[in-house]
file work27.cif (mmCIF, C-alpha atoms)
data_start
#
loop_
_atom_site.label_atom_id
_atom_site.label_comp_id
_atom_site.auth_asym_id
_atom_site.auth_seq_id
_atom_site.Cartn_x
_atom_site.Cartn_y
_atom_site.Cartn_z
CA MET A 7 -154.84 -140.92 86.89
CA THR A 8 -156.32 -143.67 84.71
CA ASP A 9 -155.06 -142.43 81.37
CA VAL A 10 -151.51 -142.37 80.07
CA ARG A 11 -149.78 -139.01 80.41
CA THR A 12 -146.77 -137.81 78.47
CA CYS A 13 -143.97 -135.40 79.25
CA GLN A 14 -140.72 -134.26 77.68
CA ILE A 15 -137.54 -132.69 79.04
CA ALA A 16 -135.89 -130.01 76.92
CA ARG A 17 -132.29 -130.53 75.82
CA THR A 18 -131.25 -127.39 77.71
CA HIS A 19 -132.21 -129.05 81.01
CA ASN A 20 -129.42 -131.59 81.19
CA GLY A 21 -127.34 -132.81 84.09
CA PRO A 22 -124.71 -135.25 82.84
CA PRO A 23 -124.15 -134.89 79.07
CA GLY A 24 -127.04 -136.35 77.09
CA SER A 25 -129.41 -136.87 80.02
CA ALA A 26 -131.70 -134.73 82.13
CA ASN A 27 -130.82 -133.00 85.37
CA GLY A 28 -131.99 -135.47 87.99
CA GLY A 29 -133.84 -133.01 90.19
CA TYR A 30 -135.62 -131.37 87.28
CA ALA A 31 -136.69 -134.77 85.94
CA CYS A 32 -137.89 -135.91 89.38
CA GLY A 33 -139.95 -132.76 89.77
CA MET A 34 -141.59 -133.26 86.39
CA PHE A 35 -142.30 -136.93 87.10
CA ALA A 36 -143.74 -136.21 90.56
CA ARG A 37 -146.01 -133.54 89.11
CA ALA A 38 -147.17 -135.84 86.29
CA ALA A 39 -147.88 -138.61 88.83
CA ALA A 40 -149.72 -136.46 91.39
CA GLY A 41 -153.07 -137.91 90.35
CA VAL A 42 -151.83 -141.36 91.41
CA VAL A 43 -149.54 -140.77 94.40
CA GLY A 44 -150.80 -137.47 95.77
CA PRO A 45 -149.08 -134.09 96.13
CA THR A 46 -145.84 -135.42 97.66
CA GLY A 47 -144.16 -138.10 95.60
CA VAL A 48 -140.85 -139.88 95.98
CA VAL A 49 -139.12 -140.58 92.68
CA GLN A 50 -136.76 -143.50 92.16
CA LEU A 51 -134.63 -143.13 89.04
CA HIS A 52 -133.86 -146.43 87.30
CA ALA A 53 -132.09 -144.96 84.27
CA ALA A 54 -130.80 -141.61 83.09
CA PRO A 55 -133.84 -139.59 81.87
CA PRO A 56 -133.45 -138.82 78.15
CA LEU A 57 -133.76 -135.36 76.62
CA ASP A 58 -136.08 -134.21 73.83
CA ALA A 59 -137.90 -137.55 73.98
CA GLU A 60 -141.50 -138.45 74.71
CA LEU A 61 -141.87 -140.08 78.12
CA THR A 62 -145.07 -141.84 79.14
CA VAL A 63 -146.43 -142.03 82.67
CA HIS A 64 -148.61 -145.05 83.52
CA ALA A 65 -150.49 -145.82 86.72
CA HIS A 66 -149.50 -149.21 88.17
CA ARG A 67 -150.71 -150.56 91.53
CA GLY A 68 -150.80 -147.22 93.31
CA ARG A 69 -147.56 -146.01 91.78
CA ALA A 70 -146.67 -144.32 88.52
CA LEU A 71 -144.13 -145.74 86.07
CA VAL A 72 -142.26 -143.46 83.69
CA TRP A 73 -141.19 -145.08 80.42
CA HIS A 74 -139.14 -144.09 77.40
CA GLU A 75 -140.22 -146.62 74.79
CA ASP A 76 -139.20 -149.90 76.52
CA GLU A 77 -136.93 -148.24 79.10
CA LEU A 78 -138.21 -147.95 82.67
CA VAL A 79 -136.89 -144.52 83.60
CA ALA A 80 -138.49 -143.92 87.00
CA THR A 81 -141.01 -145.08 89.57
CA VAL A 82 -143.04 -142.54 91.54
CA SER A 83 -144.57 -143.57 94.87
CA ALA A 84 -146.34 -141.69 97.63
CA ALA A 85 -143.85 -140.18 100.08
CA ARG A 86 -144.39 -141.56 103.58
CA HIS A 87 -142.24 -139.21 105.62
CA ASP A 88 -143.76 -138.41 109.00
CA GLN A 89 -140.83 -136.17 109.84
CA TRP A 90 -138.31 -134.76 107.42
CA ALA A 91 -134.73 -134.04 108.36
CA VAL A 92 -133.92 -130.40 107.75
CA ALA A 93 -131.04 -128.39 106.39
CA PRO A 94 -130.04 -125.45 108.61
CA PHE A 95 -130.79 -121.89 107.59
CA VAL A 96 -127.80 -119.60 106.98
CA THR A 97 -127.80 -115.92 106.19
CA VAL A 98 -127.30 -114.42 102.74
CA SER A 99 -123.83 -113.18 103.67
CA THR A 100 -122.85 -116.63 104.95
CA ALA A 101 -124.15 -118.26 101.76
CA GLU A 102 -122.21 -115.75 99.64
CA ARG A 103 -118.99 -116.56 101.48
CA ALA A 104 -119.67 -120.27 101.03
CA SER A 105 -120.11 -119.81 97.27
CA ALA A 106 -116.49 -118.70 96.98
CA ARG A 107 -115.53 -122.23 98.10
CA PHE A 108 -117.56 -124.01 95.41
CA LYS A 109 -115.40 -127.00 94.44
CA GLY A 110 -116.93 -127.15 90.99
CA LEU A 111 -114.98 -124.03 90.03
CA ALA A 112 -111.77 -126.08 90.12
CA ALA A 113 -113.10 -129.42 88.87
CA HIS A 114 -116.65 -130.31 87.85
CA PRO A 115 -117.78 -133.80 86.76
CA PHE A 116 -120.65 -132.36 84.67
CA PRO A 117 -119.73 -128.75 83.72
CA SER A 118 -122.71 -128.40 81.37
CA CYS A 119 -125.26 -129.12 84.15
CA LEU A 120 -128.35 -126.90 84.08
CA VAL A 121 -128.11 -126.09 87.79
CA CYS A 122 -124.47 -125.92 88.81
CA GLY A 123 -122.53 -126.26 85.55
CA THR A 124 -119.57 -123.92 85.17
CA ASP A 125 -119.60 -123.93 81.36
CA ARG A 126 -123.19 -122.73 80.93
CA THR A 127 -123.71 -119.19 79.62
CA ASP A 128 -127.28 -119.53 78.27
CA SER A 129 -130.41 -118.05 79.80
CA ALA A 130 -131.74 -121.42 80.99
CA ALA A 131 -128.76 -122.03 83.31
CA LEU A 132 -129.24 -121.43 87.05
CA HIS A 133 -125.57 -120.89 88.02
CA LEU A 134 -125.72 -122.29 91.56
CA THR A 135 -122.33 -122.46 93.29
CA PRO A 136 -122.82 -124.28 96.63
CA GLY A 137 -119.71 -124.27 98.81
CA SER A 138 -118.85 -125.37 102.34
CA VAL A 139 -120.16 -123.35 105.29
CA ASP A 140 -117.72 -122.36 108.03
CA GLY A 141 -118.36 -124.24 111.27
CA LEU A 142 -120.98 -126.60 109.78
CA PRO A 143 -119.33 -129.83 108.57
CA GLY A 144 -121.17 -131.50 105.73
CA VAL A 145 -123.18 -128.35 104.92
CA VAL A 146 -123.00 -126.32 101.70
CA ALA A 147 -124.84 -123.13 100.77
CA CYS A 148 -125.19 -120.51 98.07
CA THR A 149 -127.60 -117.81 96.98
CA TRP A 150 -129.97 -118.02 94.02
CA THR A 151 -132.05 -115.24 92.45
CA PRO A 152 -134.98 -116.86 90.63
CA ASP A 153 -136.44 -115.69 87.33
CA ASN A 154 -140.06 -116.87 86.98
CA PRO A 155 -139.36 -120.31 88.47
CA ASP A 156 -141.71 -123.27 88.13
CA LEU A 157 -142.03 -126.29 90.40
CA ASP A 158 -139.75 -128.49 88.30
CA THR A 159 -137.01 -125.86 88.52
CA LEU A 160 -137.38 -125.71 92.31
CA TRP A 161 -136.80 -129.47 92.49
CA ALA A 162 -133.64 -128.93 90.42
CA VAL A 163 -132.47 -126.19 92.78
CA LEU A 164 -133.05 -128.51 95.74
CA ASP A 165 -131.16 -131.30 93.98
CA CYS A 166 -127.64 -130.30 92.92
CA PRO A 167 -126.44 -128.67 96.17
CA GLY A 168 -126.92 -132.02 97.90
CA GLY A 169 -124.41 -133.56 95.54
CA TRP A 170 -121.81 -131.00 96.56
CA THR A 171 -121.97 -132.15 100.19
CA LEU A 172 -120.21 -135.26 98.83
CA ASP A 173 -116.77 -135.94 97.39
CA GLN A 174 -117.29 -135.52 93.65
CA SER A 175 -113.66 -136.18 92.72
CA GLY A 176 -112.90 -139.38 90.87
CA ALA A 177 -116.09 -141.32 90.13
CA PRO A 178 -118.91 -138.82 90.79
CA TYR A 179 -122.19 -139.27 92.63
CA VAL A 180 -125.48 -138.96 90.73
CA LEU A 181 -129.03 -138.63 91.99
CA GLY A 182 -130.81 -141.93 92.62
CA ARG A 183 -133.93 -141.04 94.61
CA MET A 184 -135.61 -137.77 95.60
CA SER A 185 -138.70 -136.37 97.27
CA ALA A 186 -139.53 -132.72 97.87
CA ARG A 187 -142.14 -130.51 99.48
CA VAL A 188 -142.52 -127.04 98.02
CA HIS A 189 -144.57 -124.72 100.23
CA ALA A 190 -144.36 -121.62 98.02
CA VAL A 191 -142.67 -120.44 94.83
CA PRO A 192 -140.19 -117.63 95.56
CA PRO A 193 -140.76 -114.28 93.84
CA SER A 194 -138.68 -113.43 90.80
CA GLY A 195 -135.76 -111.08 91.18
CA GLN A 196 -135.33 -111.52 94.93
CA PRO A 197 -132.39 -113.49 96.37
CA THR A 198 -132.94 -116.78 98.13
CA VAL A 199 -130.63 -119.04 100.13
CA VAL A 200 -130.07 -122.69 99.20
CA VAL A 201 -128.62 -125.01 101.85
CA ALA A 202 -127.84 -128.75 101.75
CA ARG A 203 -126.62 -131.10 104.46
CA ARG A 204 -125.09 -134.56 104.26
CA ILE A 205 -126.88 -136.95 106.62
CA ALA A 206 -124.97 -140.20 106.08
CA ALA A 207 -122.78 -141.98 103.56
CA VAL A 208 -122.49 -145.75 103.45
CA GLY A 209 -120.56 -147.52 100.71
CA ARG A 210 -121.53 -146.04 97.37
CA THR A 211 -124.72 -144.35 98.59
CA ALA A 212 -125.32 -141.17 100.55
CA ARG A 213 -128.39 -139.50 102.05
CA VAL A 214 -128.70 -135.71 101.92
CA VAL A 215 -131.29 -133.05 102.71
CA SER A 216 -131.69 -129.57 101.27
CA ALA A 217 -133.87 -126.50 101.66
CA LEU A 218 -134.64 -123.20 99.95
CA PHE A 219 -135.12 -120.15 102.16
CA CYS A 220 -136.14 -116.53 102.01
CA PRO A 221 -133.42 -114.23 103.44
CA ASP A 222 -135.48 -113.93 106.65
CA GLY A 223 -135.41 -117.72 107.14
CA THR A 224 -138.89 -118.50 105.80
CA GLU A 225 -138.72 -121.87 104.07
CA PHE A 226 -139.96 -122.18 100.49
CA GLY A 227 -139.34 -125.93 100.27
CA ARG A 228 -137.21 -128.86 101.34
CA ALA A 229 -136.05 -132.17 99.89
CA GLU A 230 -134.53 -135.50 100.83
CA ALA A 231 -132.41 -137.46 98.38
CA THR A 232 -130.22 -140.51 97.97
CA TRP A 233 -127.14 -140.19 95.79
CA VAL A 234 -125.22 -143.08 94.26
CA ARG A 235 -121.54 -143.07 93.38
CA LEU A 236 -120.84 -144.32 89.88
CA SER A 237 -118.30 -147.05 89.43
CA ALA A 238 -115.28 -146.18 87.29
CA SER A 239 -116.81 -148.06 84.35
CA SER A 240 -120.36 -146.74 84.78
CA ASP A 241 -122.18 -145.25 81.82
CA PRO A 242 -125.07 -142.94 82.84
CA ALA A 243 -126.98 -143.86 79.68
CA PRO A 244 -130.34 -145.67 80.16
CA ARG A 245 -130.38 -149.45 80.12
CA LYS A 246 -133.08 -151.77 78.80
CA ARG A 247 -135.47 -153.21 81.36
CA GLU A 248 -138.33 -155.63 81.13
CA ARG A 249 -141.55 -153.69 80.73
CA LEU A 250 -144.30 -153.98 83.34
CA HIS A 251 -147.93 -153.73 82.29
CA SER A 252 -150.35 -151.46 84.11
#

call {"tool": "encode", "arguments": {"input": "work27.cif", "output": "structure tokens"}}
result
Amino acid sequence: MTDVRTCQIARTHNGPPGSANGGYACGMFARAAAGVVGPTGVVQLHAAPPLDAELTVHAHRGRALVWHEDELVATVSAARHDQWAVAPFVTVSTAERASARFKGLAAHPFPSCLVCGTDRTDSAALHLTPGSVDGLPGVVACTWTPDNPDLDTLWAVLDCPGGWTLDQSGAPYVLGRMSARVHAVPPSGQPTVVVARRIAAVGRTARVVSALFCPDGTEFGRAEATWVRLSASSDPAPRKRERLHS
């Protein structure tokens, strides 16, 4: 990619109020940067991706930089995973039982989230409800029936469940870094199983993995992500950064 590319995230595709769902944004940025970093990119978010705003994607020393005016929103690099940690497959019935334990039903830090928000009633919302799986500590699961999904939506589906492997009470965690491999897009109208597993949590950061499965256990895609816990005074709005020149 030698030219500058542009992209824009619709207002309906928010995570926290006023900013994009992290997984959806990462999927869009990875796709826009594929000409620079290859088919599997790792996206580092530096600021909350804005909605209904033109974002520009510039090649820079083998990476891609995503800007909103003078805000550095994200950096996309080539993923260098030789082996990916995996989330375990669970059956549809197990995932349905886990959904009943979705903690967001009682208290949700971002109830208008595209993926897992409990206040969303519009057609864009995905209504995922990942809850804890019996006998598998640190694992959450739910079902999801797709409706003409695209790759960016699959990144979003692989994103939010990972956050629910963490303690979202008090100051919540938000997505900081994500990479995903999508092997196939699931067919519309057929249920799938989404599973996420917490790998480690140190200080204010946590590493999680997630996967999307067919009911027979065939994997559609998987992701690895780093989540960051906000401080009590944190504002998820973008912050000004010095601009780099490609």

call {"tool": "atom_distance", "arguments": {"input": "work27.cif", "atom1": "atom CA of Ala59 of chain A", "atom2": "atom CA of Thr12 of chain A"}}
result
9.9 Å

call {"tool": "residues_near_point", "arguments": {"input": "work27.cif", "point": "(-128.7, -135.1, 83.9)", "cutoff": "12 Å", "atoms": "all atoms listed in the file", "output": "PyMOL selection string"}}
result
chain A and resi 15-32+51+53-57+115-123+162+165-166+179-182+242-244

call {"tool": "residues_around", "arguments": {"input": "work27.cif", "residues": "Val163 of chain A", "least_positions_apart": "3", "cutoff": "10 Å", "atoms": "all atoms listed in the file", "output": "number ranges by chain"}}
result
A: 29-30, 120-122, 132-134, 150, 152, 157-160, 166-168, 200-201, 216-218, 229

call {"tool": "residues_near_point", "arguments": {"input": "work27.cif", "point": "(-126.8, -118.8, 107.4)", "cutoff": "12 Å", "atoms": "all atoms listed in the file", "output": "PyMOL selection string"}}
result
chain A and resi 93-104+138-142+145-149+198-202+217-223

call {"tool": "atom_distance", "arguments": {"input": "work27.cif", "atom1": "atom CA of Gly47 of chain A", "atom2": "atom CA of Ala84 of chain A"}}
result
4.7 Å
